[in-house]
>>> print(open('target-v5.cif').read())   # mmCIF, C-alpha atoms
data_input
loop_
_atom_site.group_PDB
_atom_site.id
_atom_site.type_symbol
_atom_site.label_atom_id
_atom_site.label_comp_id
_atom_site.auth_asym_id
_atom_site.auth_seq_id
_atom_site.Cartn_x
_atom_site.Cartn_y
_atom_site.Cartn_z
ATOM 1 C CA ASP A 1433 0.000 0.000 0.000
ATOM 2 C CA ASP A 1434 1.462 3.366 -1.076
ATOM 3 C CA ASP A 1435 -0.732 5.495 1.241
ATOM 4 C CA ASP A 1436 2.141 5.785 3.723
ATOM 5 C CA ASP A 1437 4.233 7.625 1.103
ATOM 6 C CA ASP A 1438 2.078 10.764 1.593
ATOM 7 C CA ASP A 1439 3.819 11.369 4.925
ATOM 8 C CA ASP A 1440 7.169 11.641 3.133
ATOM 9 C CA ASP A 1441 6.040 14.874 1.411
ATOM 10 C CA ARG A 1442 5.940 16.784 4.704
ATOM 11 C CA GLU A 1443 8.943 18.788 5.778
ATOM 12 C CA PRO A 1444 10.627 17.409 8.869
ATOM 13 C CA PRO A 1445 10.392 19.659 11.954
ATOM 14 C CA ALA A 1446 13.385 21.808 12.862
ATOM 15 C CA ASP A 1447 15.901 19.858 14.923
ATOM 16 C CA ASP A 1448 15.262 22.047 17.943
ATOM 17 C CA ALA A 1449 11.457 22.265 17.644
ATOM 18 C CA PHE A 1450 9.676 21.052 20.745
ATOM 19 C CA PRO A 1451 7.232 19.500 20.224
ATOM 20 C CA PRO A 1452 6.820 19.540 16.431
ATOM 21 C CA GLY A 1453 4.466 22.295 15.342
ATOM 22 C CA ILE A 1454 4.987 24.435 18.457
ATOM 23 C CA ASP A 1455 6.817 27.720 17.899
ATOM 24 C CA THR A 1456 9.397 27.249 20.630
ATOM 25 C CA THR A 1457 12.448 25.137 21.314
ATOM 26 C CA LEU A 1458 13.269 22.670 24.031
ATOM 27 C CA ALA A 1459 15.848 25.114 25.416
ATOM 28 C CA SER A 1460 13.409 28.061 25.440
ATOM 29 C CA GLU A 1461 10.607 26.019 26.965
ATOM 30 C CA SER A 1462 12.939 24.591 29.613
ATOM 31 C CA LEU A 1463 14.154 28.063 30.551
ATOM 32 C CA ARG A 1464 10.573 29.384 30.665
ATOM 33 C CA VAL A 1465 9.542 26.852 33.301
ATOM 34 C CA TYR A 1466 12.873 26.777 35.170
ATOM 35 C CA GLN A 1467 12.513 28.236 38.674
ATOM 36 C CA GLY A 1468 16.140 28.069 39.771
ATOM 37 C CA ASN A 1469 18.550 30.972 40.019
ATOM 38 C CA THR A 1470 21.612 29.618 38.169
ATOM 39 C CA VAL A 1471 22.093 28.421 34.580
ATOM 40 C CA VAL A 1472 25.362 26.862 33.364
ATOM 41 C CA LEU A 1473 26.003 26.664 29.616
ATOM 42 C CA ALA A 1474 28.807 25.029 27.656
ATOM 43 C CA GLY A 1475 29.183 25.858 23.963
ATOM 44 C CA GLU A 1476 29.125 28.728 21.511
ATOM 45 C CA SER A 1477 26.827 31.648 22.252
ATOM 46 C CA PHE A 1478 26.688 35.391 21.744
ATOM 47 C CA VAL A 1479 28.449 35.924 25.070
ATOM 48 C CA SER A 1480 31.367 33.674 24.064
ATOM 49 C CA GLY A 1481 31.983 35.745 20.956
ATOM 50 C CA GLY A 1482 29.469 34.024 18.722
ATOM 51 C CA THR A 1483 30.717 31.684 16.069
ATOM 52 C CA LEU A 1484 33.118 31.658 13.175
ATOM 53 C CA ALA A 1485 30.322 30.100 11.065
ATOM 54 C CA LEU A 1486 28.976 33.296 9.525
ATOM 55 C CA SER A 1487 25.627 31.738 8.677
ATOM 56 C CA LEU A 1488 24.998 31.309 12.423
ATOM 57 C CA ALA A 1489 26.538 34.590 13.625
ATOM 58 C CA PRO A 1490 26.304 36.057 16.184
ATOM 59 C CA TRP A 1491 24.494 33.325 18.131
ATOM 60 C CA GLY A 1492 26.765 30.337 17.730
ATOM 61 C CA ARG A 1493 25.891 26.705 17.199
ATOM 62 C CA ALA A 1494 25.011 25.533 20.703
ATOM 63 C CA PHE A 1495 21.845 27.481 21.553
ATOM 64 C CA ASP A 1496 19.202 29.020 19.308
ATOM 65 C CA SER A 1497 18.795 32.800 19.205
ATOM 66 C CA ALA A 1498 15.370 32.805 20.913
ATOM 67 C CA PHE A 1499 16.822 30.946 23.900
ATOM 68 C CA GLN A 1500 19.774 33.337 24.163
ATOM 69 C CA VAL A 1501 17.547 36.420 24.022
ATOM 70 C CA GLN A 1502 15.257 34.897 26.646
ATOM 71 C CA LEU A 1503 18.277 34.022 28.819
ATOM 72 C CA ALA A 1504 19.719 37.551 28.616
ATOM 73 C CA ALA A 1505 16.319 39.060 29.466
ATOM 74 C CA SER A 1506 16.036 37.129 32.749
ATOM 75 C CA PHE A 1507 19.623 36.297 33.763
ATOM 76 C CA HIS A 1508 23.026 38.008 33.801
ATOM 77 C CA CYS A 1509 26.348 36.343 33.076
ATOM 78 C CA VAL A 1510 28.613 36.106 36.136
ATOM 79 C CA PHE A 1511 31.348 33.799 34.797
ATOM 80 C CA LEU A 1512 32.813 33.185 31.359
ATOM 81 C CA ALA A 1513 35.796 30.981 30.494
ATOM 82 C CA ASP A 1514 37.178 29.471 27.314
ATOM 83 C CA LEU A 1515 36.847 25.717 26.925
ATOM 84 C CA PRO A 1516 39.291 23.464 25.062
ATOM 85 C CA ARG A 1517 38.050 23.481 21.483
ATOM 86 C CA TRP A 1518 38.758 23.021 17.814
ATOM 87 C CA PRO A 1519 40.220 26.070 15.995
ATOM 88 C CA ILE A 1520 36.887 26.682 14.219
ATOM 89 C CA SER A 1521 34.911 26.911 17.464
ATOM 90 C CA ARG A 1522 34.400 29.485 20.212
ATOM 91 C CA ASP A 1523 33.086 27.180 22.926
ATOM 92 C CA ALA A 1524 32.975 28.610 26.418
ATOM 93 C CA LEU A 1525 31.609 27.820 29.836
ATOM 94 C CA SER A 1526 29.237 30.503 31.100
ATOM 95 C CA VAL A 1527 27.365 30.781 34.379
ATOM 96 C CA TRP A 1528 24.245 32.935 34.616
ATOM 97 C CA ARG A 1529 22.361 34.194 37.682
ATOM 98 C CA ARG A 1530 18.695 35.163 37.655
ATOM 99 C CA THR A 1531 18.389 38.953 37.535
ATOM 100 C CA ARG A 1532 16.262 40.663 40.135
ATOM 101 C CA VAL A 1533 13.828 43.135 38.659
ATOM 102 C CA CYS A 1534 13.310 46.570 40.124
ATOM 103 C CA PRO A 1535 10.200 48.498 39.051
ATOM 104 C CA ILE A 1536 10.817 52.205 38.597
ATOM 105 C CA LEU A 1537 8.101 54.853 38.328
ATOM 106 C CA PHE A 1538 8.747 57.879 36.164
ATOM 107 C CA MET A 1539 6.557 60.743 37.333
ATOM 108 C CA SER A 1540 5.369 63.614 35.193
ATOM 109 C CA ASP A 1541 4.109 67.043 36.226
ATOM 110 C CA ALA A 1542 0.644 65.634 36.836
ATOM 111 C CA PRO A 1543 0.685 63.415 39.983
ATOM 112 C CA GLU A 1544 -1.743 60.915 38.466
ATOM 113 C CA ASP A 1545 0.383 60.608 35.337
ATOM 114 C CA TYR A 1546 3.290 58.214 35.618
ATOM 115 C CA GLU A 1547 5.018 55.503 33.634
ATOM 116 C CA GLU A 1548 6.361 52.265 35.114
ATOM 117 C CA ASP A 1549 9.365 50.458 33.699
ATOM 118 C CA GLN A 1550 11.320 47.365 34.763
ATOM 119 C CA TRP A 1551 15.057 47.633 35.384
ATOM 120 C CA ALA A 1552 17.643 44.948 36.107
ATOM 121 C CA ASP A 1553 19.074 45.062 39.619
ATOM 122 C CA VAL A 1554 22.482 43.397 39.213
ATOM 123 C CA PRO A 1555 24.651 43.630 42.332
ATOM 124 C CA PRO A 1556 28.125 45.096 41.675
ATOM 125 C CA GLU A 1557 29.805 41.853 42.783
ATOM 126 C CA GLU A 1558 27.920 39.997 40.013
ATOM 127 C CA ARG A 1559 28.857 42.342 37.153
ATOM 128 C CA LEU A 1560 31.409 41.136 34.612
ATOM 129 C CA ASP A 1561 34.464 43.274 33.985
ATOM 130 C CA PHE A 1562 34.210 44.689 30.473
ATOM 131 C CA ALA A 1563 37.911 45.495 30.242
ATOM 132 C CA VAL A 1564 38.810 42.772 27.749
ATOM 133 C CA ALA A 1565 40.792 42.958 24.555
ATOM 134 C CA ALA A 1566 42.277 40.695 21.928
ATOM 135 C CA PRO A 1567 46.041 40.208 22.377
ATOM 136 C CA ALA A 1568 46.887 42.670 19.590
ATOM 137 C CA TYR A 1569 44.851 45.408 21.340
ATOM 138 C CA ARG A 1570 45.641 44.895 25.033
ATOM 139 C CA ARG A 1571 47.850 47.985 25.017
ATOM 140 C CA PHE A 1572 44.651 50.080 24.856
ATOM 141 C CA LEU A 1573 43.577 48.780 28.264
ATOM 142 C CA ALA A 1574 46.452 50.699 29.823
ATOM 143 C CA LEU A 1575 45.062 54.057 28.621
#
>>> encode(input="target-v5.cif", output="structure tokens")
Amino acid sequence: DDDDDDDDDREPPADDAFPPGIDTTLASESLRVYQGNTVVLAGESFVSGGTLALSLAPWGRAFDSAFQVQLAASFHCVFLADLPRWPISRDALSVWRRTRVCPILFMSDAPEDYEEDQWADVPPEERLDFAVAAPAYRRFLAL
């Protein structure tokens, strides 16, 4: 019976689709329901410098872009270290802590007129040092 051949005409779901037909990924869905305060990632990501594979830049090959945007919206990176890797990879180990949210009210001249916004409250001891440079440019850090 050739009726089963009709299923072969469908496109396979994306490798990271979870479950098929749902517009999310296993990583994004896992992060959405995760209630812990620490996430540890190993692999290429935007925080590790992306990837050398230009078709996947700047996100890297380990985690889809939606997951990385979702991660950065709710967590802040507190640790980043290179991992042993092949020359064509930028794998790193990164540790992320859940970011506390601080609501801020912006008042206008009219007391009943205000706007509320959400701001990240990252303690100073959990902020990464941004003073980094490639070896050929480290001399600029001394300025």
>>> residues_around(input="target-v5.cif", residues="stretch 1484-1501 of chain A", least_positions_apart="3", cutoff="6 Å", atoms="all atoms listed in the file", output="PyMOL selection string")
chain A and resi 1460+1475-1478+1504
>>> write_last_selection(input="target-v5.cif", atoms="C-alpha atoms", output="PDB file, in the frame of the given file")
ATOM      1  CA  SER A1460      13.409  28.061  25.440  1.00  0.00           C
ATOM      2  CA  GLY A1475      29.183  25.858  23.963  1.00  0.00           C
ATOM      3  CA  GLU A1476      29.125  28.728  21.511  1.00  0.00           C
ATOM      4  CA  SER A1477      26.827  31.648  22.252  1.00  0.00           C
ATOM      5  CA  PHE A1478      26.688  35.391  21.744  1.00  0.00           C
ATOM      6  CA  ALA A1504      19.719  37.551  28.616  1.00  0.00           C
TER       7      ALA A1504
END
>>> atom_distance(input="target-v5.cif", atom1="atom CA of A:Val1510", atom2="atom CA of A:Leu1525")
10.8 Å
>>> closest_residue(input="target-v5.cif", among="A:Cys1534, A:Val1471, A:Met1539, A:Ala1513", to="A:Asp1553", atoms="all atoms listed in the file")
A:Cys1534
>>> atom_distance(input="target-v5.cif", atom1="atom CA of A:Tyr1546", atom2="atom CA of A:Leu1503")
29.3 Å
>>> resolve_selection(input="target-v5.cif", expression="the PyMOL selection byres ((chain A and resi 1551) around 9)", output="list of chain:residue names")
A:Arg1532, A:Val1533, A:Cys1534, A:Pro1535, A:Ile1536, A:Asp1549, A:Gln1550, A:Ala1552, A:Asp1553
>>> axis_aligned_box(input="target-v5.cif", around="stretch 1543-1560 of chain A", padding_each_side="3 Å", output="AutoDock Vina command-line options")
--center_x 14.8 --center_y 51.7 --center_z 38.2 --size_x 39.2 --size_y 29.4 --size_z 15.1
>>> atom_distance(input="target-v5.cif", atom1="atom CA of A:Gln1502", atom2="atom CA of A:Val1554")
16.8 Å
>>> closest_residue(input="target-v5.cif", among="A:Glu1548, A:Asp1561, A:Leu1458, A:Ala1474", to="A:Arg1517", atoms="only C-alpha atoms")
A:Ala1474
